[in-house]
$ cat entry-v6.pdb   # PDB, C-alpha atoms
ATOM      1  CA  MET D1176      66.576 -20.111  -4.145
ATOM      2  CA  PRO D1177      62.856 -19.415  -4.536
ATOM      3  CA  PRO D1178      60.191 -21.804  -3.306
ATOM      4  CA  SER D1179      59.182 -24.556  -5.694
ATOM      5  CA  ARG D1180      56.410 -23.751  -8.156
ATOM      6  CA  ASP D1181      54.061 -26.132  -6.381
ATOM      7  CA  SER D1182      54.447 -24.133  -3.167
ATOM      8  CA  PHE D1183      52.684 -21.105  -4.666
ATOM      9  CA  GLU D1184      48.991 -21.033  -3.791
ATOM     10  CA  ILE D1185      48.177 -17.430  -4.773
ATOM     11  CA  ALA D1186      48.342 -15.901  -8.251
ATOM     12  CA  ILE D1187      47.786 -12.255  -9.161
ATOM     13  CA  ILE D1188      46.904 -11.974 -12.842
ATOM     14  CA  CYS D1189      47.285  -8.782 -14.880
ATOM     15  CA  ALA D1190      46.648  -8.102 -18.555
ATOM     16  CA  LEU D1191      48.461  -4.775 -19.040
ATOM     17  CA  PRO D1192      52.074  -3.795 -18.277
ATOM     18  CA  LEU D1193      50.909  -0.857 -16.155
ATOM     19  CA  GLU D1194      48.877  -3.278 -14.020
ATOM     20  CA  VAL D1195      51.911  -5.534 -13.573
ATOM     21  CA  ARG D1196      54.048  -2.554 -12.555
ATOM     22  CA  ALA D1197      51.486  -1.474  -9.972
ATOM     23  CA  VAL D1198      51.301  -4.901  -8.327
ATOM     24  CA  ALA D1199      55.081  -5.368  -8.452
ATOM     25  CA  ALA D1200      55.558  -2.018  -6.706
ATOM     26  CA  LEU D1201      53.398  -3.188  -3.798
ATOM     27  CA  LEU D1202      55.072  -6.557  -3.266
ATOM     28  CA  ASP D1203      56.795  -6.867   0.093
ATOM     29  CA  GLY D1204      59.643  -8.900  -1.400
ATOM     30  CA  HIS D1205      60.816 -10.839  -4.444
ATOM     31  CA  HIS D1206      62.088 -14.354  -5.056
ATOM     32  CA  GLY D1207      64.832 -14.895  -7.606
ATOM     33  CA  ASP D1208      65.161 -17.966  -9.786
ATOM     34  CA  GLY D1209      68.787 -18.487  -8.808
ATOM     35  CA  ARG D1210      69.970 -17.812 -12.364
ATOM     36  CA  SER D1211      68.691 -14.426 -13.490
ATOM     37  CA  GLU D1212      69.877 -11.043 -12.294
ATOM     38  CA  PHE D1213      66.283  -9.855 -12.821
ATOM     39  CA  THR D1214      65.090 -10.628  -9.314
ATOM     40  CA  GLY D1215      61.813 -12.453  -9.118
ATOM     41  CA  VAL D1216      61.533 -13.768 -12.664
ATOM     42  CA  LEU D1217      60.303 -17.351 -12.972
ATOM     43  CA  GLU D1218      59.785 -19.473 -16.062
ATOM     44  CA  GLY D1219      56.722 -21.570 -16.766
ATOM     45  CA  VAL D1220      56.670 -25.012 -18.306
ATOM     46  CA  PRO D1221      57.517 -25.304 -22.036
ATOM     47  CA  GLY D1222      54.698 -23.864 -24.115
ATOM     48  CA  ASP D1223      53.422 -21.567 -21.366
ATOM     49  CA  ARG D1224      53.369 -18.044 -22.820
ATOM     50  CA  ASN D1225      52.702 -16.258 -19.537
ATOM     51  CA  ALA D1226      55.391 -14.167 -17.863
ATOM     52  CA  TYR D1227      55.868 -14.809 -14.145
ATOM     53  CA  ARG D1228      57.402 -12.986 -11.247
ATOM     54  CA  ALA D1229      57.617 -14.565  -7.812
ATOM     55  CA  GLY D1230      57.135 -12.385  -4.774
ATOM     56  CA  ARG D1231      55.749 -12.056  -1.299
ATOM     57  CA  ILE D1232      52.848 -10.110   0.216
ATOM     58  CA  GLY D1233      52.797 -10.366   3.977
ATOM     59  CA  HIS D1234      53.441 -14.017   4.786
ATOM     60  CA  HIS D1235      52.062 -15.196   1.438
ATOM     61  CA  ASN D1236      54.172 -16.340  -1.478
ATOM     62  CA  VAL D1237      52.506 -14.996  -4.622
ATOM     63  CA  VAL D1238      53.164 -15.408  -8.309
ATOM     64  CA  LEU D1239      52.494 -12.348 -10.437
ATOM     65  CA  VAL D1240      51.199 -13.379 -13.863
ATOM     66  CA  HIS D1241      51.468 -11.148 -16.936
ATOM     67  CA  MET D1242      49.109 -12.231 -19.704
ATOM     68  CA  PRO D1243      50.626 -12.211 -23.211
ATOM     69  CA  LYS D1244      47.533 -10.456 -24.633
ATOM     70  CA  ILE D1245      44.315  -8.825 -23.449
ATOM     71  CA  GLY D1246      40.843 -10.314 -23.840
ATOM     72  CA  LYS D1247      38.855 -13.285 -22.611
ATOM     73  CA  ALA D1248      40.350 -15.750 -25.121
ATOM     74  CA  ALA D1249      43.852 -14.815 -24.006
ATOM     75  CA  ALA D1250      42.707 -15.072 -20.391
ATOM     76  CA  ALA D1251      41.558 -18.652 -20.941
ATOM     77  CA  GLY D1252      45.005 -19.464 -22.336
ATOM     78  CA  THR D1253      46.591 -17.772 -19.346
ATOM     79  CA  ALA D1254      44.522 -19.929 -17.011
ATOM     80  CA  ALA D1255      45.679 -23.074 -18.817
ATOM     81  CA  GLY D1256      49.325 -22.022 -18.699
ATOM     82  CA  LEU D1257      49.128 -21.049 -15.049
ATOM     83  CA  GLY D1258      47.551 -24.373 -14.153
ATOM     84  CA  ALA D1259      50.284 -26.273 -15.987
ATOM     85  CA  SER D1260      53.164 -24.308 -14.470
ATOM     86  CA  PHE D1261      51.793 -23.752 -10.962
ATOM     87  CA  GLY D1262      49.611 -26.701 -10.112
ATOM     88  CA  ASN D1263      48.607 -25.750  -6.585
ATOM     89  CA  ILE D1264      46.922 -22.360  -7.031
ATOM     90  CA  LYS D1265      44.112 -21.943  -4.493
ATOM     91  CA  LEU D1266      43.349 -18.261  -5.151
ATOM     92  CA  ALA D1267      43.728 -16.185  -8.306
ATOM     93  CA  LEU D1268      43.113 -12.439  -8.194
ATOM     94  CA  LEU D1269      42.476 -10.708 -11.513
ATOM     95  CA  VAL D1270      43.820  -7.237 -10.761
ATOM     96  CA  GLY D1271      43.790  -4.085 -12.849
ATOM     97  CA  ILE D1272      41.561  -1.472 -14.454
ATOM     98  CA  CYS D1273      37.981  -1.508 -15.713
ATOM     99  CA  GLY D1274      35.159   0.672 -16.968
ATOM    100  CA  GLY D1275      32.485   1.637 -14.465
ATOM    101  CA  VAL D1276      28.730   2.137 -14.702
ATOM    102  CA  PRO D1277      27.865   5.548 -13.206
ATOM    103  CA  GLY D1278      24.613   6.461 -11.515
ATOM    104  CA  GLY D1279      22.231   4.177  -9.714
ATOM    105  CA  SER D1280      22.488   3.181  -6.078
ATOM    106  CA  THR D1281      26.205   2.376  -6.246
ATOM    107  CA  ASP D1282      27.333   5.882  -7.343
ATOM    108  CA  ILE D1283      30.564   4.519  -8.792
ATOM    109  CA  ARG D1284      33.291   7.129  -9.317
ATOM    110  CA  LEU D1285      36.647   7.060 -11.077
ATOM    111  CA  GLY D1286      39.218   5.411  -8.827
ATOM    112  CA  ASP D1287      36.636   3.304  -6.994
ATOM    113  CA  ILE D1288      37.144  -0.459  -6.741
ATOM    114  CA  VAL D1289      34.886  -3.167  -8.147
ATOM    115  CA  ILE D1290      35.073  -6.683  -6.722
ATOM    116  CA  GLY D1291      33.199  -9.041  -9.010
ATOM    117  CA  THR D1292      30.633 -11.308  -7.396
ATOM    118  CA  GLN D1293      29.248 -12.495 -10.740
ATOM    119  CA  VAL D1294      30.535 -12.503 -14.311
ATOM    120  CA  VAL D1295      28.145 -11.928 -17.208
ATOM    121  CA  GLU D1296      29.708 -12.817 -20.543
ATOM    122  CA  TYR D1297      28.784 -10.766 -23.574
ATOM    123  CA  ASP D1298      29.679 -10.829 -27.216
ATOM    124  CA  TYR D1299      29.461  -7.183 -28.172
ATOM    125  CA  GLY D1300      29.752  -8.034 -31.856
ATOM    126  CA  SER D1301      29.695  -5.194 -34.346
ATOM    127  CA  ARG D1302      29.121  -1.514 -33.678
ATOM    128  CA  SER D1303      25.352  -2.012 -33.834
ATOM    129  CA  HIS D1304      24.851  -5.585 -32.626
ATOM    130  CA  LEU D1305      24.836  -6.929 -29.099
ATOM    131  CA  ALA D1306      24.385 -10.595 -28.267
ATOM    132  CA  ARG D1307      24.266 -12.077 -24.811
ATOM    133  CA  ALA D1308      25.800 -15.363 -23.792
ATOM    134  CA  ASP D1309      23.626 -16.319 -20.831
ATOM    135  CA  ASN D1310      25.722 -17.315 -17.827
ATOM    136  CA  SER D1311      23.238 -17.195 -14.997
ATOM    137  CA  ASP D1312      25.615 -19.241 -12.874
ATOM    138  CA  GLY D1313      28.549 -16.945 -13.542
ATOM    139  CA  ASN D1314      29.697 -16.690  -9.952
ATOM    140  CA  PRO D1315      33.468 -16.557  -9.433
ATOM    141  CA  GLY D1316      34.641 -19.577  -7.510
ATOM    142  CA  ARG D1317      31.134 -21.025  -7.521
ATOM    143  CA  HIS D1318      32.632 -24.527  -7.298
ATOM    144  CA  ASP D1319      35.095 -23.502  -4.575
ATOM    145  CA  PRO D1320      33.764 -22.939  -1.049
ATOM    146  CA  MET D1321      37.015 -21.243   0.001
ATOM    147  CA  ILE D1322      36.513 -18.510  -2.604
ATOM    148  CA  GLN D1323      32.889 -18.031  -1.622
ATOM    149  CA  GLN D1324      33.942 -17.808   2.014
ATOM    150  CA  LEU D1325      36.596 -15.207   1.162
ATOM    151  CA  ILE D1326      34.062 -13.075  -0.722
ATOM    152  CA  ARG D1327      31.698 -13.199   2.262
ATOM    153  CA  ARG D1328      34.507 -12.227   4.637
ATOM    154  CA  ILE D1329      35.643  -9.220   2.632
ATOM    155  CA  GLN D1330      32.040  -8.098   2.134
ATOM    156  CA  ALA D1331      31.476  -8.253   5.883
ATOM    157  CA  GLY D1332      34.745  -6.386   6.470
ATOM    158  CA  LYS D1333      34.188  -3.779   3.731
ATOM    159  CA  ASN D1334      34.960  -0.753   5.908
ATOM    160  CA  SER D1335      38.182  -2.279   7.188
ATOM    161  CA  LEU D1336      39.127  -3.348   3.658
ATOM    162  CA  GLU D1337      38.643   0.227   2.424
ATOM    163  CA  GLU D1338      40.805   1.553   5.262
ATOM    164  CA  HIS D1339      43.658  -0.857   4.585
ATOM    165  CA  THR D1340      43.425  -0.231   0.841
ATOM    166  CA  SER D1341      43.686   3.510   1.459
ATOM    167  CA  ASP D1342      46.681   2.973   3.742
ATOM    168  CA  TYR D1343      48.589   0.995   1.101
ATOM    169  CA  LEU D1344      47.611   3.540  -1.542
ATOM    170  CA  ALA D1345      48.766   6.450   0.608
ATOM    171  CA  ASP D1346      52.117   4.763   1.257
ATOM    172  CA  PHE D1347      52.654   4.278  -2.474
ATOM    173  CA  LEU D1348      51.683   7.838  -3.361
ATOM    174  CA  ALA D1349      53.926   9.238  -0.625
ATOM    175  CA  GLU D1350      56.907   7.484  -2.200
ATOM    176  CA  SER D1351      56.014   8.095  -5.842
ATOM    177  CA  GLY D1352      55.283  11.800  -5.536
ATOM    178  CA  PRO D1353      52.393  13.874  -6.881
ATOM    179  CA  ALA D1354      52.904  13.244 -10.606
ATOM    180  CA  MET D1355      50.452  10.334 -10.755
ATOM    181  CA  THR D1356      47.543  12.244  -9.219
ATOM    182  CA  ASN D1357      48.163  15.784 -10.463
ATOM    183  CA  GLY D1358      45.319  17.013 -12.632
ATOM    184  CA  LEU D1359      43.040  14.020 -12.071
ATOM    185  CA  HIS D1360      39.409  15.101 -12.269
ATOM    186  CA  ASP D1361      36.368  12.857 -12.284
ATOM    187  CA  THR D1362      34.513  13.995 -15.397
ATOM    188  CA  LEU D1363      31.234  12.353 -16.357
ATOM    189  CA  TYR D1364      29.277  13.337 -19.459
ATOM    190  CA  ARG D1365      25.610  12.728 -20.213
ATOM    191  CA  SER D1366      24.940   9.443 -21.971
ATOM    192  CA  ASP D1367      23.648  11.291 -25.037
ATOM    193  CA  TYR D1368      26.672  13.607 -25.279
ATOM    194  CA  TRP D1369      29.178  12.004 -27.639
ATOM    195  CA  HIS D1370      32.923  12.491 -27.832
ATOM    196  CA  LEU D1371      33.360  13.804 -31.364
ATOM    197  CA  HIS D1372      34.347  17.001 -33.109
ATOM    198  CA  GLN D1373      31.831  19.466 -31.774
ATOM    199  CA  ARG D1374      32.463  21.803 -34.715
ATOM    200  CA  SER D1375      32.019  20.201 -38.118
ATOM    201  CA  ALA D1376      34.845  22.293 -39.552
ATOM    202  CA  ASP D1377      37.289  20.579 -37.165
ATOM    203  CA  CYS D1378      36.498  17.053 -38.399
ATOM    204  CA  PRO D1379      38.952  16.095 -41.166
ATOM    205  CA  THR D1380      36.547  13.547 -42.691
ATOM    206  CA  ARG D1381      33.239  15.255 -41.776
ATOM    207  CA  GLU D1382      32.122  11.922 -40.307
ATOM    208  CA  CYS D1383      31.359  13.516 -36.942
ATOM    209  CA  GLN D1384      28.607  15.676 -38.438
ATOM    210  CA  ASN D1385      25.846  13.138 -37.872
ATOM    211  CA  ASN D1386      26.496  13.346 -34.111
ATOM    212  CA  ARG D1387      26.715   9.570 -33.754
ATOM    213  CA  TYR D1388      29.748   8.347 -35.684
ATOM    214  CA  ILE D1389      33.175   9.188 -34.281
ATOM    215  CA  CYS D1390      35.965   9.671 -36.794
ATOM    216  CA  ASP D1391      39.364   8.094 -36.143
ATOM    217  CA  ALA D1392      40.924  11.457 -35.358
ATOM    218  CA  ALA D1393      38.360  12.163 -32.639
ATOM    219  CA  LEU D1394      38.701   8.637 -31.285
ATOM    220  CA  HIS D1395      42.354   9.312 -30.446
ATOM    221  CA  ALA D1396      41.898  12.936 -29.365
ATOM    222  CA  SER D1397      41.202  14.332 -25.909
ATOM    223  CA  CYS D1398      37.959  16.004 -24.900
ATOM    224  CA  GLU D1399      39.824  19.304 -24.936
ATOM    225  CA  GLU D1400      41.034  18.717 -28.483
ATOM    226  CA  VAL D1401      37.567  17.963 -29.872
ATOM    227  CA  LYS D1402      36.096  20.717 -27.683
ATOM    228  CA  CYS D1403      33.657  18.685 -25.616
ATOM    229  CA  SER D1404      31.578  21.256 -23.763
ATOM    230  CA  SER D1405      30.927  21.615 -20.064
ATOM    231  CA  ASN D1406      27.258  21.791 -21.065
ATOM    232  CA  GLY D1407      27.431  18.037 -21.621
ATOM    233  CA  MET D1408      28.940  17.313 -18.202
ATOM    234  CA  ILE D1409      27.112  15.784 -15.280
ATOM    235  CA  ARG D1410      30.078  16.361 -12.994
ATOM    236  CA  HIS D1411      33.677  17.539 -13.019
ATOM    237  CA  SER D1412      35.101  16.978  -9.552
ATOM    238  CA  LYS D1413      38.433  16.398  -7.856
ATOM    239  CA  ARG D1414      39.761  12.920  -7.130
ATOM    240  CA  LYS D1415      38.333  11.226  -4.058
ATOM    241  CA  GLN D1416      40.952  10.798  -1.350
ATOM    242  CA  ARG D1417      39.580   7.412  -0.301
ATOM    243  CA  PRO D1418      38.273   5.016  -2.959
ATOM    244  CA  ASP D1419      35.043   3.184  -2.222
ATOM    245  CA  ILE D1420      34.679  -0.557  -2.778
ATOM    246  CA  HIS D1421      31.671  -1.917  -4.665
ATOM    247  CA  PHE D1422      30.600  -5.559  -4.940
ATOM    248  CA  GLY D1423      28.554  -6.639  -7.929
ATOM    249  CA  ALA D1424      28.214  -8.273 -11.323
ATOM    250  CA  VAL D1425      30.727  -7.526 -14.073
ATOM    251  CA  ALA D1426      30.189  -7.718 -17.836
ATOM    252  CA  SER D1427      33.118  -9.270 -19.670
ATOM    253  CA  GLY D1428      33.756  -9.417 -23.399
ATOM    254  CA  ASP D1429      36.437  -9.186 -26.066
ATOM    255  CA  THR D1430      35.460  -5.751 -27.379
ATOM    256  CA  LEU D1431      36.416  -2.491 -25.689
ATOM    257  CA  LEU D1432      33.166  -0.696 -24.880
ATOM    258  CA  ARG D1433      33.107   3.010 -25.795
ATOM    259  CA  SER D1434      29.395   3.808 -25.816
ATOM    260  CA  ALA D1435      27.434   5.254 -22.901
ATOM    261  CA  ALA D1436      24.142   4.238 -24.513
ATOM    262  CA  ARG D1437      25.216   0.601 -24.884
ATOM    263  CA  ARG D1438      26.762   0.660 -21.413
ATOM    264  CA  ASP D1439      23.486   1.817 -19.911
ATOM    265  CA  ASP D1440      21.482  -0.701 -21.946
ATOM    266  CA  ILE D1441      23.635  -3.625 -20.804
ATOM    267  CA  ALA D1442      23.524  -2.416 -17.208
ATOM    268  CA  ARG D1443      19.727  -2.199 -17.329
ATOM    269  CA  GLN D1444      19.464  -5.732 -18.721
ATOM    270  CA  THR D1445      21.861  -7.389 -16.312
ATOM    271  CA  GLY D1446      22.543  -5.140 -13.332
ATOM    272  CA  VAL D1447      26.301  -5.114 -13.985
ATOM    273  CA  ILE D1448      28.314  -2.320 -12.403
ATOM    274  CA  ALA D1449      31.529  -2.601 -14.442
ATOM    275  CA  PHE D1450      33.044  -3.829 -17.713
ATOM    276  CA  ASP D1451      36.267  -5.742 -18.266
ATOM    277  CA  MET D1452      37.832  -7.942 -20.956
ATOM    278  CA  GLU D1453      39.389 -10.853 -19.041
ATOM    279  CA  ALA D1454      37.146 -12.124 -16.236
ATOM    280  CA  ALA D1455      35.015 -14.330 -18.489
ATOM    281  CA  GLY D1456      38.123 -16.162 -19.672
ATOM    282  CA  LEU D1457      39.296 -17.009 -16.147
ATOM    283  CA  TRP D1458      36.318 -17.694 -13.914
ATOM    284  CA  ASP D1459      35.503 -21.124 -15.345
ATOM    285  CA  TYR D1460      39.070 -22.393 -15.000
ATOM    286  CA  LEU D1461      40.496 -20.857 -11.830
ATOM    287  CA  PRO D1462      39.325 -20.085  -8.276
ATOM    288  CA  CYS D1463      39.263 -16.415  -9.250
ATOM    289  CA  ILE D1464      38.073 -13.059  -7.914
ATOM    290  CA  MET D1465      38.176  -9.890 -10.009
ATOM    291  CA  VAL D1466      39.600  -6.830  -8.243
ATOM    292  CA  LYS D1467      39.673  -3.810 -10.535
ATOM    293  CA  SER D1468      39.573  -0.044 -10.217
ATOM    294  CA  VAL D1469      37.478   2.205 -12.437
ATOM    295  CA  CYS D1470      39.593   4.223 -14.881
ATOM    296  CA  ASP D1471      36.784   5.399 -17.186
ATOM    297  CA  TYR D1472      33.033   5.201 -17.686
ATOM    298  CA  ALA D1473      33.086   2.900 -20.746
ATOM    299  CA  ASP D1474      31.814   5.760 -22.897
ATOM    300  CA  SER D1475      33.090   7.598 -25.957
ATOM    301  CA  HIS D1476      35.036   9.983 -23.706
ATOM    302  CA  LYS D1477      37.286   7.112 -22.576
ATOM    303  CA  ASN D1478      40.935   8.133 -22.109
ATOM    304  CA  LYS D1479      44.049   6.895 -20.306
ATOM    305  CA  ARG D1480      44.497   9.641 -17.715
ATOM    306  CA  TRP D1481      43.279   7.555 -14.774
ATOM    307  CA  GLN D1482      44.825   4.235 -15.766
ATOM    308  CA  ASP D1483      48.082   4.347 -13.781
ATOM    309  CA  TYR D1484      46.363   5.584 -10.637
ATOM    310  CA  ALA D1485      43.511   3.075 -10.944
ATOM    311  CA  ALA D1486      46.001   0.231 -11.382
ATOM    312  CA  VAL D1487      47.707   1.193  -8.114
ATOM    313  CA  VAL D1488      44.338   1.416  -6.349
ATOM    314  CA  ALA D1489      43.452  -2.109  -7.499
ATOM    315  CA  ALA D1490      46.878  -3.414  -6.480
ATOM    316  CA  SER D1491      46.456  -1.820  -3.044
ATOM    317  CA  CYS D1492      43.075  -3.504  -2.617
ATOM    318  CA  SER D1493      44.431  -6.895  -3.678
ATOM    319  CA  LYS D1494      47.155  -6.562  -1.063
ATOM    320  CA  ALA D1495      44.531  -5.755   1.571
ATOM    321  CA  ILE D1496      42.374  -8.712   0.495
ATOM    322  CA  LEU D1497      45.237 -11.129   1.136
ATOM    323  CA  GLU D1498      45.045 -10.186   4.822
ATOM    324  CA  TYR D1499      41.752 -12.121   4.834
ATOM    325  CA  TRP D1500      43.258 -15.219   3.196
ATOM    326  CA  GLU D1501      44.470 -17.842   5.621
TER
END

$ encode --input "entry-v6.pdb" --output "structure tokens"
Amino acid sequence: MPPSRDSFEIAIICALPLEVRAVAALLDGHHGDGRSEFTGVLEGVPGDRNAYRAGRIGHHNVVLVHMPKIGKAAAAGTAAGLGASFGNIKLALLVGICGGVPGGSTDIRLGDIVIGTQVVEYDYGSRSHLARADNSDGNPGRHDPMIQQLIRRIQAGKNSLEEHTSDYLADFLAESGPAMTNGLHDTLYRSDYWHLHQRSADCPTRECQNNRYICDAALHASCEEVKCSSNGMIRHSKRKQRPDIHFGAVASGDTLLRSAARRDDIARQTGVIAFDMEAAGLWDYLPCIMVKSVCDYADSHKNKRWQDYAAVVAASCSKAILEYWE
């Protein structure tokens, strides 16, 4: 029989199935519910729409939470459901993938890890409108001294945390084989170089001709398919063998950001180093820390090539962080 729900003090929250799979693969063990052949599955209280899996990382019992939908509104509902079903959560880790802000002093690369020390909530609105919801006190766990203490400890132990993260990542990749990392290149384009049909004759609607509007076909096509040129690249490098960890503010909103110009504008205004869609919905309701790995640069060249790898990187870091939790 698994431990009672009240005995779980740690939750790992994921929005996407690929994030759940990555965390589940790095669990050290599972708890069954005594009824299901699907080892580790737990049910919440009636009305709770979250999906739960009970497991173990080191000596910690953890509950892996799969959100029913993405976005900050769904995240707030997830927090409510988690609180109702597991009433003794002391630490919630929001684990998964995010968009990174390149350049600047942080030099964030694809596959690097962002640990949020502040959440800045934005309403991105329409394609042309951006409105800020001012949350100057948007510090994760700002009401919880244990969370603040944990953040200070992992910041002080950053080098060790990177080493342990790399160890867990290497163990996973050794078992999974090379398929996940084959062909991964860190490609960054100039902020003024848009992902659209570079030849007007290739655009089925001719909407890409104005060099600012991306047609639906281009939106779902690869850079190779729309013929993005190397002339627009800032870099095209191989995957880093050891991801770096960055601490900083994260912008969180309900709209997927696909514009380098807007990314840079928001970063200049606020100093954020990454973008996600769930942190703003959790930080006010749970003792939460965001741990995400950069899978794209939140620009028009966004694609899914790095997502599986980045999810495993974030899961590896979350496992390493729990070594600091007493």

$ closest_residue --input "entry-v6.pdb" --among "D:Ala1267, D:Cys1398, D:Ala1229, D:Ile1329" --to "Arg1480 (chain D)" --atoms "only C-alpha atoms"
D:Cys1398

$ resolve_selection --input "entry-v6.pdb" --expression "the PyMOL selection byres ((chain D and resi 1356-1358) around 12)" --output "ChimeraX atom specification"
/D:1286,1344-1345,1347-1349,1351-1355,1359-1362,1411-1416,1480-1485,1487-1488

$ atom_distance --input "entry-v6.pdb" --atom1 "CA of Thr1253 (chain D)" --atom2 "CA of Asn1225 (chain D)"
6.3 Å

$ atom_distance --input "entry-v6.pdb" --atom1 "CA of Cys1273 (chain D)" --atom2 "CA of Ala1449 (chain D)"
6.7 Å

$ closest_residue --input "entry-v6.pdb" --among "D:Ile1187, D:Cys1378, D:Val1220, D:Leu1431" --to "Ala1259 (chain D)" --atoms "only C-alpha atoms"
D:Val1220

$ atom_distance --input "entry-v6.pdb" --atom1 "CA of Ala1254 (chain D)" --atom2 "CA of Val1240 (chain D)"
9.9 Å

$ residues_around --input "entry-v6.pdb" --residues "Gly1230 (chain D)" --least-positions-apart "5" --cutoff "7 Å" --atoms "only C-alpha atoms" --output "compact mmCIF listing (two decimals) with C-alpha atoms, in the coordinates of the input"
# COMPACT_ATOMS: atom_id res chain seq x y z
CA LEU D 1202 55.07 -6.56 -3.27
CA GLY D 1204 59.64 -8.90 -1.40
CA HIS D 1205 60.82 -10.84 -4.44
CA HIS D 1206 62.09 -14.35 -5.06
CA GLY D 1215 61.81 -12.45 -9.12
CA ASN D 1236 54.17 -16.34 -1.48
CA VAL D 1237 52.51 -15.00 -4.62
CA VAL D 1238 53.16 -15.41 -8.31

$ residues_around --input "entry-v6.pdb" --residues "Ser1493 (chain D)" --least-positions-apart "6" --cutoff "8 Å" --atoms "all atoms listed in the file" --output "list in words"
Leu1268, Val1270 and Val1466 of chain D

$ axis_aligned_box --input "entry-v6.pdb" --around "region 1285-1295 of chain D" --padding-each-side "6 Å" --output "AutoDock Vina command-line options"
--center_x 33.7 --center_y -2.7 --center_z -12.0 --size_x 23.1 --size_y 31.6 --size_z 22.5

$ resolve_selection --input "entry-v6.pdb" --expression "the PyMOL selection byres ((chain D and resi 1197) around 9)" --output "PyMOL selection string"
chain D and resi 1192-1196+1198-1201+1271+1483-1484+1486-1491

$ residues_around --input "entry-v6.pdb" --residues "Lys1402 (chain D)" --least-positions-apart "3" --cutoff "12 Å" --atoms "only C-alpha atoms" --output "list in words"
Trp1369, His1370, Leu1371, His1372, Gln1373, Arg1374, Ser1375, Asp1377, Cys1378, Ala1393, Ala1396, Ser1397, Cys1398, Glu1399, Ser1405, Asn1406, Gly1407 and His1476 of chain D

$ resolve_selection --input "entry-v6.pdb" --expression "the PyMOL selection byres ((chain D and resi 1184) around 10)" --output "ChimeraX atom specification"
/D:1180-1183,1185-1186,1235-1238,1261-1267

$ write_last_selection --input "entry-v6.pdb" --atoms "C-alpha atoms" --output "PDB file, in the coordinates of the input"
ATOM      1  CA  ARG D1180      56.410 -23.751  -8.156  1.00  0.00           C
ATOM      2  CA  ASP D1181      54.061 -26.132  -6.381  1.00  0.00           C
ATOM      3  CA  SER D1182      54.447 -24.133  -3.167  1.00  0.00           C
ATOM      4  CA  PHE D1183      52.684 -21.105  -4.666  1.00  0.00           C
ATOM      5  CA  ILE D1185      48.177 -17.430  -4.773  1.00  0.00           C
ATOM      6  CA  ALA D1186      48.342 -15.901  -8.251  1.00  0.00           C
ATOM      7  CA  HIS D1235      52.062 -15.196   1.438  1.00  0.00           C
ATOM      8  CA  ASN D1236      54.172 -16.340  -1.478  1.00  0.00           C
ATOM      9  CA  VAL D1237      52.506 -14.996  -4.622  1.00  0.00           C
ATOM     10  CA  VAL D1238      53.164 -15.408  -8.309  1.00  0.00           C
ATOM     11  CA  PHE D1261      51.793 -23.752 -10.962  1.00  0.00           C
ATOM     12  CA  GLY D1262      49.611 -26.701 -10.112  1.00  0.00           C
ATOM     13  CA  ASN D1263      48.607 -25.750  -6.585  1.00  0.00           C
ATOM     14  CA  ILE D1264      46.922 -22.360  -7.031  1.00  0.00           C
ATOM     15  CA  LYS D1265      44.112 -21.943  -4.493  1.00  0.00           C
ATOM     16  CA  LEU D1266      43.349 -18.261  -5.151  1.00  0.00           C
ATOM     17  CA  ALA D1267      43.728 -16.185  -8.306  1.00  0.00           C
TER      18      ALA D1267
END

$ closest_residue --input "entry-v6.pdb" --among "D:Cys1492, D:Ala1250, D:Leu1497, D:Leu1325" --to "Thr1292 (chain D)" --atoms "all atoms listed in the file"
D:Leu1325

$ closest_residue --input "entry-v6.pdb" --among "D:Pro1379, D:Gly1274, D:Gly1279, D:Gly1456" --to "Leu1432 (chain D)" --atoms "all atoms listed in the file"
D:Gly1274

$ residues_near_point --input "entry-v6.pdb" --point "(49.0, -4.8, 4.4)" --cutoff "9 Å" --atoms "all atoms listed in the file" --output "list in words"
Ile1232, Gly1233, His1339, Thr1340, Asp1342, Tyr1343, Ser1491, Lys1494, Ala1495, Ile1496, Leu1497 and Glu1498 of chain D

$ residues_around --input "entry-v6.pdb" --residues "Gly1291 (chain D)" --least-positions-apart "6" --cutoff "8 Å" --atoms "all atoms listed in the file" --output "PyMOL selection string"
chain D and resi 1315+1422-1425+1464-1466

$ closest_residue --input "entry-v6.pdb" --among "D:Gly1219, D:Pro1277, D:Pro1418, D:Gly1256" --to "Leu1336 (chain D)" --atoms "only C-alpha atoms"
D:Pro1418

$ decode --input "entry-v6.pdb" --residues "region 1432-1448 of chain D" --atoms "C-alpha atoms" --output "tab-separated table (two decimals), in the first residue's frame"
chain	number	residue	atom	x	y	z
D	1432	LEU	CA	5.40	33.95	-27.23
D	1433	ARG	CA	6.81	33.63	-30.76
D	1434	SER	CA	8.39	37.03	-31.35
D	1435	ALA	CA	12.05	37.89	-30.76
D	1436	ALA	CA	11.25	41.61	-30.82
D	1437	ARG	CA	8.59	41.29	-28.12
D	1438	ARG	CA	10.80	38.91	-26.16
D	1439	ASP	CA	13.61	41.44	-26.14
D	1440	ASP	CA	11.25	44.30	-25.27
D	1441	ILE	CA	9.81	42.44	-22.27
D	1442	ALA	CA	13.28	41.40	-21.13
D	1443	ARG	CA	14.48	45.01	-21.30
D	1444	GLN	CA	11.50	46.21	-19.26
D	1445	THR	CA	11.67	43.58	-16.55
D	1446	GLY	CA	15.01	41.78	-16.63
D	1447	VAL	CA	13.37	38.37	-17.11
D	1448	ILE	CA	15.53	35.58	-18.48
